[in-house]
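Everything below belongs to protein.txt, which stores compact mmCIF, C-alpha atoms.
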# COMPACT_ATOMS: atom_id res chain seq x y z
CA MET Q 15 0.00 0.00 0.00
CA LYS Q 16 2.84 2.30 0.87
CA THR Q 17 4.60 1.47 -2.36
CA LYS Q 18 1.44 2.23 -4.31
CA LYS Q 19 1.07 5.57 -2.59
CA GLN Q 20 4.68 6.34 -3.38
CA SER Q 21 4.21 5.59 -7.05
CA TRP Q 22 1.23 7.88 -7.22
CA ASN Q 23 3.04 10.58 -5.27
CA LEU Q 24 4.42 12.26 -8.36
CA ARG Q 25 5.02 15.87 -9.10
CA SER Q 26 2.28 17.67 -10.96
CA GLY Q 27 3.94 17.46 -14.46
CA ASN Q 28 4.82 13.80 -14.13
CA ARG Q 29 1.36 12.94 -12.85
CA LYS Q 30 -0.27 14.60 -15.85
CA GLY Q 31 2.07 12.72 -18.18
CA PHE Q 32 1.29 9.47 -16.44
CA ILE Q 33 -2.47 10.05 -16.64
CA LEU Q 34 -2.20 10.95 -20.32
CA SER Q 35 -0.20 7.80 -20.98
CA LEU Q 36 -2.74 5.77 -19.03
CA ASP Q 37 -5.53 7.41 -21.02
CA ALA Q 38 -3.80 6.58 -24.28
CA ALA Q 39 -3.12 3.01 -23.15
CA ILE Q 40 -6.75 2.48 -22.16
CA ALA Q 41 -7.88 3.96 -25.49
CA VAL Q 42 -5.57 1.67 -27.43
CA MET Q 43 -6.76 -1.26 -25.33
CA ILE Q 44 -10.40 -0.43 -26.07
CA VAL Q 45 -9.65 -0.21 -29.77
CA PHE Q 46 -7.83 -3.55 -29.72
CA ILE Q 47 -10.59 -5.20 -27.74
CA PHE Q 48 -13.11 -3.85 -30.24
CA ILE Q 49 -11.05 -5.07 -33.19
CA ALA Q 50 -10.64 -8.50 -31.57
CA VAL Q 51 -14.34 -8.84 -30.81
CA SER Q 52 -15.29 -7.63 -34.31
CA THR Q 53 -12.85 -10.03 -35.96
CA PHE Q 54 -14.19 -12.88 -33.86
CA TYR Q 55 -17.78 -12.16 -34.83
CA ILE Q 56 -16.96 -11.60 -38.50
CA ALA Q 57 -15.04 -14.88 -38.61
CA LYS Q 58 -17.88 -16.66 -36.85
CA ALA Q 59 -20.43 -15.20 -39.24
CA ASN Q 60 -18.32 -16.28 -42.25
CA GLU Q 61 -18.09 -19.75 -40.78
CA GLU Q 62 -21.86 -19.84 -40.41
CA THR Q 63 -22.33 -18.83 -44.05
CA LEU Q 64 -19.95 -21.57 -45.15
CA SER Q 65 -21.70 -24.17 -43.03
CA ARG Q 66 -25.05 -23.08 -44.49
CA VAL Q 67 -23.68 -23.47 -48.00
CA GLN Q 68 -22.32 -26.85 -46.96
CA VAL Q 69 -25.78 -27.97 -45.81
CA VAL Q 70 -27.31 -26.83 -49.12
CA ARG Q 71 -24.65 -28.67 -51.15
CA ALA Q 72 -24.99 -31.81 -49.03
CA GLY Q 73 -28.75 -31.83 -49.64
CA SER Q 74 -28.25 -31.38 -53.37
CA ASP Q 75 -25.67 -34.19 -53.49
CA ILE Q 76 -27.89 -36.59 -51.55
CA MET Q 77 -30.82 -35.93 -53.88
CA ASN Q 78 -28.56 -36.48 -56.86
CA VAL Q 79 -27.37 -39.83 -55.49
CA LEU Q 80 -30.93 -40.95 -54.71
CA ASP Q 81 -32.08 -40.00 -58.20
CA ARG Q 82 -29.17 -41.69 -60.00
CA GLU Q 83 -29.58 -44.85 -57.94
CA ASN Q 84 -33.26 -44.92 -58.92
CA VAL Q 85 -34.35 -44.95 -55.28
CA PHE Q 86 -37.38 -42.75 -56.03
CA GLU Q 87 -38.69 -45.39 -58.44
CA THR Q 88 -39.83 -47.42 -55.46
CA LYS Q 89 -42.27 -44.66 -54.36
CA ASP Q 90 -41.96 -46.31 -50.96
CA PRO Q 91 -41.34 -43.93 -48.02
CA VAL Q 92 -39.72 -46.67 -45.94
CA ALA Q 93 -37.27 -47.67 -48.68
CA ILE Q 94 -36.47 -44.04 -49.49
CA SER Q 95 -36.03 -43.25 -45.79
CA ARG Q 96 -33.71 -46.21 -45.33
CA GLU Q 97 -31.59 -45.12 -48.30
CA ILE Q 98 -31.41 -41.55 -46.99
CA GLY Q 99 -30.33 -42.90 -43.62
CA SER Q 100 -27.52 -44.86 -45.23
CA ILE Q 101 -25.98 -41.89 -47.04
CA LEU Q 102 -26.91 -38.91 -44.86
CA PRO Q 103 -23.96 -37.66 -42.78
CA SER Q 104 -24.66 -38.08 -39.07
CA MET Q 105 -24.70 -34.34 -38.29
CA TYR Q 106 -27.66 -33.67 -40.61
CA GLU Q 107 -31.37 -34.29 -40.52
CA MET Q 108 -33.39 -34.42 -43.71
CA ARG Q 109 -37.03 -34.40 -44.67
CA LEU Q 110 -38.26 -35.22 -48.14
CA ARG Q 111 -41.54 -34.86 -49.96
CA ILE Q 112 -42.29 -36.14 -53.46
CA ASN Q 113 -45.23 -34.70 -55.30
CA GLY Q 114 -46.00 -36.02 -58.69
CA THR Q 115 -48.74 -36.63 -61.14
CA PHE Q 116 -48.77 -40.35 -61.40
CA PRO Q 117 -51.37 -42.20 -63.43
CA GLU Q 118 -53.22 -43.42 -60.35
CA LYS Q 119 -53.11 -40.34 -58.14
CA THR Q 120 -50.90 -37.65 -56.73
CA ILE Q 121 -48.49 -39.30 -54.32
CA THR Q 122 -46.85 -37.62 -51.39
CA VAL Q 123 -43.93 -39.39 -49.83
CA GLU Q 124 -42.78 -37.85 -46.57
CA THR Q 125 -39.80 -39.17 -44.72
CA THR Q 126 -37.90 -38.55 -41.48
CA ASN Q 127 -38.59 -35.81 -38.98
CA GLN Q 128 -40.73 -32.72 -39.11
CA THR Q 129 -38.94 -29.48 -39.95
CA PRO Q 130 -37.73 -27.90 -36.68
CA GLN Q 131 -38.78 -24.45 -35.51
CA GLY Q 132 -36.25 -21.72 -34.71
CA GLN Q 133 -33.38 -23.36 -36.54
CA PHE Q 134 -31.68 -22.66 -39.83
CA VAL Q 135 -33.24 -25.00 -42.39
CA VAL Q 136 -32.26 -25.14 -46.04
CA SER Q 137 -34.60 -26.36 -48.71
CA GLY Q 138 -34.26 -27.33 -52.33
CA GLU Q 139 -35.97 -29.38 -54.95
CA ARG Q 140 -35.25 -31.65 -57.85
CA VAL Q 141 -37.29 -32.71 -60.84
CA ILE Q 142 -37.45 -36.48 -61.11
CA VAL Q 143 -38.60 -38.84 -63.82
CA LEU Q 144 -39.83 -42.24 -62.73
CA SER Q 145 -39.53 -44.60 -65.67
CA ASN Q 146 -40.34 -48.17 -66.32
CA ASN Q 147 -40.74 -50.14 -69.51
CA SER Q 148 -44.31 -49.01 -70.10
CA ALA Q 149 -44.46 -45.35 -69.00
CA SER Q 150 -42.69 -42.41 -67.42
CA ASN Q 151 -44.08 -40.31 -64.58
CA TYR Q 152 -42.88 -36.91 -63.52
CA ALA Q 153 -42.52 -35.52 -60.03
CA VAL Q 154 -40.80 -32.91 -57.90
CA ALA Q 155 -38.86 -34.03 -54.84
CA LYS Q 156 -38.58 -31.25 -52.28
CA TYR Q 157 -36.20 -31.56 -49.36
CA TRP Q 158 -35.41 -29.73 -46.14
CA MET Q 159 -32.10 -30.13 -44.34
CA TRP Q 160 -30.75 -28.87 -41.03
CA LEU Q 161 -27.96 -29.53 -38.60
CA LYS Q 162 -28.75 -31.79 -35.63
CA MET U 14 -4.37 33.28 -19.48
CA ILE U 15 -1.46 31.05 -20.40
CA HIS U 16 -2.74 28.47 -17.95
CA ASP U 17 -6.28 28.65 -19.47
CA GLY U 18 -4.82 28.44 -22.97
CA GLY U 19 -2.91 25.32 -21.99
CA ARG U 20 -6.04 23.71 -20.59
CA MET U 21 -7.97 24.60 -23.72
CA LYS U 22 -5.27 23.03 -25.86
CA LYS U 23 -5.38 19.86 -23.78
CA GLY U 24 -9.17 19.87 -23.98
CA ILE U 25 -9.03 20.20 -27.75
CA VAL U 26 -6.46 17.41 -28.00
CA GLN U 27 -8.58 15.19 -25.76
CA SER U 28 -11.73 16.02 -27.72
CA ILE U 29 -9.98 15.26 -31.00
CA GLY U 30 -8.69 12.01 -29.49
CA LEU U 31 -12.16 11.02 -28.35
CA MET U 32 -13.63 11.97 -31.71
CA MET U 33 -11.03 9.84 -33.50
CA LEU U 34 -11.77 6.94 -31.20
CA ALA U 35 -15.51 7.37 -31.73
CA GLY U 36 -14.90 7.65 -35.48
CA LEU U 37 -12.87 4.48 -35.44
CA LEU U 38 -15.58 2.60 -33.57
CA LEU U 39 -18.21 3.99 -35.90
CA SER U 40 -16.13 2.95 -38.93
CA PHE U 41 -15.88 -0.55 -37.56
CA ALA U 42 -19.60 -0.66 -36.95
CA VAL U 43 -20.26 0.49 -40.54
CA ILE U 44 -17.78 -2.05 -41.94
CA ILE U 45 -19.34 -4.89 -39.94
CA PHE U 46 -22.84 -3.82 -40.97
CA HIS U 47 -21.90 -3.72 -44.66
CA ASP U 48 -20.01 -6.99 -44.39
CA THR U 49 -23.03 -8.72 -42.88
CA GLN U 50 -25.34 -7.20 -45.47
CA SER U 51 -23.14 -8.13 -48.44
CA ARG U 52 -22.55 -11.61 -47.01
CA ASP U 53 -26.30 -12.19 -46.83
CA GLU U 54 -26.65 -10.91 -50.38
CA ARG U 55 -23.85 -13.20 -51.62
CA PHE U 56 -25.41 -16.14 -49.79
CA GLY U 57 -28.73 -15.40 -51.46
CA GLU U 58 -27.05 -15.19 -54.86
CA MET U 59 -25.22 -18.46 -54.27
CA MET U 60 -28.48 -20.12 -53.34
CA ILE U 61 -30.11 -18.91 -56.54
CA TYR U 62 -27.20 -20.23 -58.61
CA ASP U 63 -27.34 -23.53 -56.75
CA ARG U 64 -31.08 -23.82 -57.31
CA LEU U 65 -30.63 -23.01 -60.99
CA TYR U 66 -27.88 -25.61 -61.29
CA ASP U 67 -29.94 -28.28 -59.48
CA LEU U 68 -33.02 -27.60 -61.58
CA ASP U 69 -31.03 -27.61 -64.82
CA LYS U 70 -29.19 -30.83 -64.00
CA SER U 71 -32.32 -32.61 -62.78
CA ILE U 72 -34.23 -31.66 -65.95
CA GLN U 73 -31.31 -32.95 -68.05
CA HIS U 74 -31.19 -36.16 -66.05
CA GLY U 75 -34.97 -36.54 -66.47
CA PHE U 76 -34.65 -36.27 -70.26
CA SER U 77 -31.77 -38.75 -70.24
CA LYS U 78 -33.94 -41.21 -68.34
CA ILE U 79 -36.74 -40.79 -70.86
CA PHE U 80 -34.31 -41.53 -73.69
CA SER U 81 -32.81 -44.58 -72.00
CA SER U 82 -36.22 -45.96 -70.98
CA ASN U 83 -37.23 -45.65 -74.64
CA GLY U 84 -34.28 -47.78 -75.72
CA ILE U 85 -31.82 -45.09 -76.84
CA SER U 86 -28.49 -45.53 -75.17
CA LEU U 87 -25.46 -43.32 -75.79
CA SER U 88 -21.90 -43.39 -74.61
CA ALA U 89 -19.05 -41.05 -75.45
CA ASP U 90 -15.43 -40.68 -74.50
CA ASN U 91 -12.56 -38.78 -76.07
CA SER U 92 -11.96 -41.42 -78.74
CA HIS U 93 -15.31 -43.14 -79.36
CA VAL U 94 -19.04 -42.51 -79.53
CA ALA U 95 -21.61 -45.30 -79.52
CA ILE U 96 -25.36 -45.35 -79.92
CA ALA U 97 -27.51 -48.40 -79.29
CA GLU U 98 -31.20 -48.52 -80.14
CA THR U 99 -33.94 -50.46 -81.81
CA LEU U 100 -35.28 -49.58 -85.24
CA PRO U 101 -38.06 -48.64 -85.60
CA GLY U 102 -37.77 -46.54 -82.48
CA SER U 103 -40.06 -46.32 -79.49
CA SER U 104 -43.48 -44.88 -80.22
CA ARG U 105 -43.66 -43.60 -76.60
CA LEU U 106 -40.74 -41.20 -76.92
CA SER U 107 -42.64 -38.36 -78.53
CA SER U 108 -45.53 -38.41 -76.05
CA GLU U 109 -43.18 -38.68 -73.08
CA LEU U 110 -41.12 -35.71 -74.27
CA ASP U 111 -44.36 -33.76 -74.62
CA GLY U 112 -45.55 -34.94 -71.21
CA PHE U 113 -42.33 -34.01 -69.44
CA SER U 114 -42.07 -30.59 -71.06
CA SER U 115 -45.72 -29.86 -70.23
CA PHE U 116 -45.19 -30.99 -66.64
CA LEU U 117 -42.17 -28.70 -66.27
CA GLN U 118 -43.92 -25.71 -67.81
CA SER U 119 -46.98 -26.13 -65.60
CA ARG U 120 -44.91 -26.74 -62.44
CA TYR U 121 -42.44 -23.92 -63.09
CA PHE U 122 -44.39 -21.07 -64.59
CA SER U 123 -42.83 -18.30 -62.48
CA GLY U 124 -39.80 -17.90 -60.21
CA PRO U 125 -38.29 -20.01 -61.79
CA ALA U 126 -40.06 -20.34 -65.13
CA VAL U 127 -39.12 -23.19 -67.44
CA SER U 128 -39.98 -22.75 -71.09
CA PHE U 129 -39.26 -24.83 -74.18
CA ASP U 130 -38.42 -23.80 -77.71
CA SER U 131 -41.26 -25.62 -79.48
CA ALA U 132 -39.43 -25.73 -82.86
CA ILE U 133 -36.42 -27.45 -81.28
CA LEU U 134 -38.63 -29.78 -79.24
CA ASN U 135 -40.55 -30.77 -82.39
CA ASN U 136 -37.25 -31.41 -84.15
CA VAL U 137 -36.14 -33.62 -81.25
CA LYS U 138 -39.40 -35.58 -81.43
CA ALA U 139 -39.23 -35.96 -85.21
CA ASN U 140 -35.52 -36.72 -85.70
CA VAL U 141 -33.87 -37.25 -82.29
CA PRO U 142 -30.84 -35.22 -83.40
CA ILE U 143 -27.80 -35.67 -81.18
CA ALA U 144 -24.82 -33.37 -81.58
CA ILE U 145 -21.34 -34.73 -80.93
CA LYS U 146 -19.04 -31.93 -79.84
CA PRO U 147 -16.43 -30.64 -80.46
CA HIS U 148 -16.31 -32.76 -83.63
CA ASN U 149 -19.57 -31.34 -84.96
CA ILE U 150 -21.06 -34.69 -85.91
CA THR U 151 -24.83 -35.18 -85.87
CA ILE U 152 -26.52 -38.46 -85.12
CA SER U 153 -30.02 -38.19 -86.47
CA HIS U 154 -33.04 -40.15 -87.64
CA THR U 155 -35.26 -39.73 -90.62
CA SER U 156 -38.79 -39.45 -89.37
CA TYR U 157 -38.48 -41.00 -85.90
CA PRO U 158 -39.69 -43.56 -84.79
CA SER U 159 -40.37 -45.27 -88.12
CA GLY U 160 -37.34 -44.03 -90.06
CA ASN U 161 -33.65 -44.73 -90.36
CA LEU U 162 -30.45 -43.84 -88.54
CA GLN U 163 -27.94 -41.47 -90.03
CA ILE U 164 -24.61 -40.13 -88.85
CA ILE U 165 -23.62 -36.86 -90.44
CA PRO U 166 -20.09 -35.55 -89.90
CA SER U 167 -19.41 -31.98 -90.99
CA SER U 168 -15.98 -33.08 -92.20
CA LEU U 169 -13.97 -36.29 -92.28
CA ASN U 170 -13.08 -36.39 -88.59
CA LEU U 171 -14.09 -40.01 -87.94
CA ASN U 172 -11.65 -42.92 -87.80
CA ASN U 173 -13.90 -45.90 -88.37
CA TYR U 174 -17.37 -47.43 -88.06
CA THR U 175 -18.34 -50.54 -86.14
CA ILE U 176 -21.91 -51.63 -86.70
CA SER U 177 -23.68 -54.49 -84.94
CA ILE U 178 -27.17 -55.56 -85.92
CA SER U 179 -29.25 -58.14 -84.15
CA SER U 180 -32.40 -59.51 -85.69
CA SER U 181 -34.85 -62.33 -85.12
CA LYS U 182 -34.59 -63.31 -88.80
CA SER U 183 -33.18 -66.71 -89.66
CA THR U 184 -30.53 -66.14 -92.31
CA ILE U 185 -28.29 -63.34 -93.48
CA SER U 186 -26.40 -62.76 -96.69
CA ILE U 187 -24.06 -59.78 -96.90
CA ASN U 188 -23.51 -58.21 -100.31
CA SER U 189 -20.43 -56.00 -100.21
CA GLY U 190 -20.20 -55.42 -103.98
CA GLY U 191 -20.95 -51.73 -103.53
CA MET U 192 -18.10 -51.06 -101.10
CA SER U 193 -14.99 -49.24 -102.37
CA SER U 194 -11.36 -49.77 -101.34
CA GLY U 195 -9.50 -47.32 -99.18
CA SER U 196 -8.13 -46.80 -95.70
CA PHE U 197 -11.25 -46.13 -93.64
CA PRO U 198 -12.08 -49.24 -91.54
CA VAL U 199 -15.68 -50.42 -91.45
CA SER U 200 -16.82 -53.47 -89.55
CA VAL U 201 -20.32 -54.91 -89.70
CA SER U 202 -21.61 -57.89 -87.78
CA VAL U 203 -25.10 -59.27 -88.07
CA THR U 204 -26.65 -61.69 -85.62
CA THR U 205 -29.69 -63.75 -86.55
CA SER U 206 -31.35 -66.64 -84.81
CA TYR U 207 -28.94 -69.01 -86.61
CA GLY U 208 -25.70 -67.23 -85.81
CA THR U 209 -23.50 -64.26 -86.62
CA SER U 210 -22.09 -63.14 -89.96
CA ALA U 211 -19.60 -60.35 -90.35
CA TRP U 212 -17.98 -58.18 -92.97
CA SER U 213 -15.08 -55.83 -92.47
CA GLY U 214 -12.87 -53.88 -94.81
CA ASN U 215 -11.20 -50.58 -95.52
CA ILE U 216 -13.20 -48.26 -97.72
CA ASN U 217 -12.88 -44.85 -99.27
CA PRO U 218 -15.27 -42.62 -97.27
CA ALA U 219 -15.14 -39.88 -99.89
CA THR U 220 -17.07 -41.96 -102.42
CA SER U 221 -20.41 -43.73 -102.35
CA ASN U 222 -20.40 -47.13 -100.62
CA THR U 223 -23.31 -49.54 -100.25
CA LEU U 224 -23.56 -52.69 -98.19
CA LEU U 225 -26.67 -54.83 -98.53
CA LEU U 226 -27.79 -57.07 -95.70
CA ASN U 227 -30.23 -59.55 -97.15
CA PHE U 228 -32.23 -61.42 -94.54
CA ASP U 229 -34.16 -64.63 -95.14
CA VAL U 230 -33.34 -64.64 -98.87
CA SER U 231 -35.93 -66.54 -100.96
CA LEU U 232 -38.25 -66.76 -97.97
CA PRO U 233 -41.56 -64.93 -97.63
CA SER U 234 -40.02 -63.02 -94.74
CA ALA U 235 -37.16 -61.67 -96.91
CA GLU U 236 -36.01 -58.16 -96.02
CA THR U 237 -33.05 -55.98 -96.90
CA VAL U 238 -31.19 -53.47 -94.78
CA THR U 239 -29.01 -51.05 -96.72
CA ILE U 240 -25.95 -49.43 -95.20
CA THR U 241 -24.68 -46.47 -97.18
CA ILE U 242 -21.53 -44.45 -96.54
CA THR U 243 -21.00 -41.32 -98.61
CA ASN U 244 -18.64 -38.36 -98.53
CA PRO U 245 -17.47 -37.41 -95.87
CA ALA U 246 -18.08 -40.74 -94.07
CA ARG U 247 -21.79 -39.98 -93.82
CA LEU U 248 -23.60 -43.14 -92.70
CA LEU U 249 -27.19 -44.11 -93.41
CA ILE U 250 -28.72 -47.34 -92.16
CA ASN U 251 -31.90 -47.83 -94.14
CA ARG U 252 -33.95 -50.40 -92.29
CA GLY U 253 -36.48 -51.06 -95.07
CA ASN U 254 -39.28 -52.83 -93.23
CA MET U 255 -37.02 -54.64 -90.80
CA THR U 256 -37.19 -54.49 -87.04
CA PHE U 257 -33.83 -54.97 -85.32
CA SER U 258 -31.63 -53.66 -82.59
CA GLN U 259 -28.39 -52.02 -83.58
CA SER U 260 -25.29 -50.60 -82.07
CA VAL U 261 -23.19 -48.17 -84.03
CA SER U 262 -19.87 -46.97 -82.75
CA PHE U 263 -17.39 -44.68 -84.43
CA GLY U 264 -13.89 -43.59 -83.60
CA LEU U 265 -13.11 -39.90 -83.34
CA GLN U 266 -10.06 -38.24 -84.75
CA ASN U 267 -7.98 -36.45 -82.15
CA ILE U 268 -8.57 -32.79 -82.81
CA GLY U 269 -6.88 -31.73 -79.60
CA ASN U 270 -10.04 -31.43 -77.60
CA ASN U 271 -11.04 -33.19 -74.45
CA GLY U 272 -14.57 -33.49 -73.13
CA VAL U 273 -16.47 -35.06 -76.02
CA THR U 274 -20.21 -34.71 -75.38
CA ALA U 275 -23.36 -36.01 -77.01
CA SER U 276 -26.23 -33.60 -76.52
CA LEU U 277 -29.59 -32.55 -77.87
CA PRO U 278 -29.68 -29.27 -79.85
CA GLU U 279 -28.71 -26.05 -78.08
CA SER U 280 -31.32 -23.93 -76.30
CA LEU U 281 -33.91 -26.68 -75.97
CA PHE U 282 -35.21 -25.09 -72.78
CA THR U 283 -34.73 -21.92 -70.76
CA ILE U 284 -34.84 -21.48 -67.00
CA ASN U 285 -35.68 -17.94 -66.01
CA TYR U 286 -35.53 -16.36 -62.54
CA GLU U 287 -37.22 -13.12 -63.49
CA ASN U 288 -36.98 -11.44 -60.07
CA ASP U 289 -33.26 -12.12 -59.88
CA LYS U 290 -32.65 -11.24 -63.54
CA LEU U 291 -31.08 -14.63 -64.04
CA SER U 292 -31.71 -16.78 -67.08
CA LYS U 293 -30.06 -19.87 -68.54
CA LYS U 294 -30.57 -21.46 -71.93
CA SER U 295 -29.85 -25.13 -71.66
CA THR U 296 -29.92 -28.43 -73.44
CA VAL U 297 -29.65 -32.07 -72.49
CA ILE U 298 -26.25 -33.71 -72.38
CA LEU U 299 -26.93 -37.40 -72.94
CA ALA U 300 -23.33 -38.64 -72.68
Target encoding structure tokens, full file:
Amino acid sequence: MKTKKQSWNLRSGNRKGFILSLDAAIAVMIVFIFIAVSTFYIAKANEETLSRVQVVRAGSDIMNVLDRENVFETKDPVAISREIGSILPSMYEMRLRINGTFPEKTITVETTNQTPQGQFVVSGERVIVLSNNSASNYAVAKYWMWLK
Amino acid sequence: MIHDGGRMKKGIVQSIGLMMLAGLLLSFAVIIFHDTQSRDERFGEMMIYDRLYDLDKSIQHGFSKIFSSNGISLSADNSHVAIAETLPGSSRLSSELDGFSSFLQSRYFSGPAVSFDSAILNNVKANVPIAIKPHNITISHTSYPSGNLQIIPSSLNLNNYTISISSSKSTISINSGGMSSGSFPVSVSVTTSYGTSAWSGNINPATSNTLLLNFDVSLPSAETVTITITNPARLLINRGNMTFSQSVSFGLQNIGNNGVTASLPESLFTINYENDKLSKKSTVILA
């Protein structure tokens, strides 16, 4: 305590210089803290954008695989769901709906969970052709994807 | 007075310092705000491009599936192109192309809007023209599905032809009297219910060449398929009244280009995102 008092016990000119230096140091510190916090948030926001793009691309790739492996031809929600489960990375959830004008009726295939509230969800769609030897049917497969 | 002047100076310096600090903070705030805003805009733009790409590719894949389910199969690499099909062609192809294009136009009538060039679509239905690029060779049909197959190079940039025909007829007799001599290899094999016959030789593709495939000669079921090769290696397989499956493959000259593609004519369909002022004319790459 005595030492502290001694260090503060400066002559008027020195004290002013010390306070000015302290003022400048605090100002510089504030600026650096602000820059650090800003950089952190900007980096975090960029990361979020990238992860969103990643989710969109993953959804698109999965739909492409399902289409090229003719999984939609089954028109069976269980089979489609099982196939999605086998290729969907573990950190994602996916919901799929197929709406098409088939000869018999309009079919809606819904798989997996309901779309969550209050979470970033990407959506996309893909035109699909379901062909067999006698006819082709046309449909749109819409998907929603989000991080677990 | 001097003392007051000194204080004033210090006050001014401090005020300027504070203003600079405030300005710096404000600048950062503005930069962060603009960065966030532009990032959201870029993300939105990327999403539109991704959606456009997905829609375009899925439409192309849909058309490819229609072609393959109607018995037209294509493969292409940097040195060869092959087409396999049945002649006469599938009578379903035309109605399925119409059905798919109508489905797309009714499903995507705004944001995005998908539209078809009806003249090109009618040409696809009538002739199934397939463009081989960059060699500028056209595989086409005369009056599909009932007509014949033709391969039309714009110049002599083919190396050879290999033709395989499979028919349910009993016998085959190959008449090669109309084939010239040269250095362009042609190989033809014909399979009937009794076995396979073949002819191969080197011809001059700049002149007229005719190969006659006579099936079931002297029988009531007699039919003739005529293979004609004219300048510059233009191939026509005239099926007459025969029904058969065929596979035609041709070698490509190396013209220093990679990425050989087989596609339907350019600008078959257009995808238009009117609100985003984004539009893409597209076609179907089959191989």
Counting all atoms listed in the file, chain Q residues within 10 Å of chain U, as a compact mmCIF listing (two decimals) with C-alpha atoms, in the frame of the given file:
# COMPACT_ATOMS: atom_id res chain seq x y z
CA LEU Q 34 -2.20 10.95 -20.32
CA ASP Q 37 -5.53 7.41 -21.02
CA ALA Q 38 -3.80 6.58 -24.28
CA ALA Q 41 -7.88 3.96 -25.49
CA VAL Q 42 -5.57 1.67 -27.43
CA ILE Q 44 -10.40 -0.43 -26.07
CA VAL Q 45 -9.65 -0.21 -29.77
CA PHE Q 48 -13.11 -3.85 -30.24
CA ILE Q 49 -11.05 -5.07 -33.19
CA SER Q 52 -15.29 -7.63 -34.31
CA THR Q 53 -12.85 -10.03 -35.96
CA TYR Q 55 -17.78 -12.16 -34.83
CA ILE Q 56 -16.96 -11.60 -38.50
CA ALA Q 59 -20.43 -15.20 -39.24
CA ASN Q 60 -18.32 -16.28 -42.25
CA THR Q 63 -22.33 -18.83 -44.05
CA LEU Q 64 -19.95 -21.57 -45.15
CA ARG Q 66 -25.05 -23.08 -44.49
CA VAL Q 67 -23.68 -23.47 -48.00
CA VAL Q 70 -27.31 -26.83 -49.12
CA ARG Q 71 -24.65 -28.67 -51.15
CA SER Q 74 -28.25 -31.38 -53.37
CA ASP Q 75 -25.67 -34.19 -53.49
CA MET Q 77 -30.82 -35.93 -53.88
CA ASN Q 78 -28.56 -36.48 -56.86
CA ASP Q 81 -32.08 -40.00 -58.20
CA ARG Q 82 -29.17 -41.69 -60.00
CA GLY Q 114 -46.00 -36.02 -58.69
CA THR Q 115 -48.74 -36.63 -61.14
CA VAL Q 136 -32.26 -25.14 -46.04
CA SER Q 137 -34.60 -26.36 -48.71
CA GLY Q 138 -34.26 -27.33 -52.33
CA GLU Q 139 -35.97 -29.38 -54.95
CA ARG Q 140 -35.25 -31.65 -57.85
CA VAL Q 141 -37.29 -32.71 -60.84
CA ILE Q 142 -37.45 -36.48 -61.11
CA VAL Q 143 -38.60 -38.84 -63.82
CA LEU Q 144 -39.83 -42.24 -62.73
CA SER Q 145 -39.53 -44.60 -65.67
CA ASN Q 146 -40.34 -48.17 -66.32
CA ASN Q 147 -40.74 -50.14 -69.51
CA SER Q 148 -44.31 -49.01 -70.10
CA ALA Q 149 -44.46 -45.35 -69.00
CA SER Q 150 -42.69 -42.41 -67.42
CA ASN Q 151 -44.08 -40.31 -64.58
CA TYR Q 152 -42.88 -36.91 -63.52
CA ALA Q 153 -42.52 -35.52 -60.03
CA VAL Q 154 -40.80 -32.91 -57.90
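Relative to atom CA of Ser28 of chain U, atom CA of Phe54 of chain Q is found at 29.6 Å.
Rounded to one decimal, atom CA of Ser221 of chain U and atom CA of Thr239 of chain U lie 12.6 Å from each other.
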Exercise for review: For segment 195-207 of chain U, work out the shell of residues within 6 Å, counting all atoms listed in the file and skipping chain neighbours fewer than 2 positions away, then give it as a ChimeraX atom specification.
Suggested key: /U:173-183,209-217
Review point. What does the distance between atom CA of Ser159 of chain U and atom CA of Thr256 of chain U come to in Å, to one decimal place?
Key: 9.8 Å
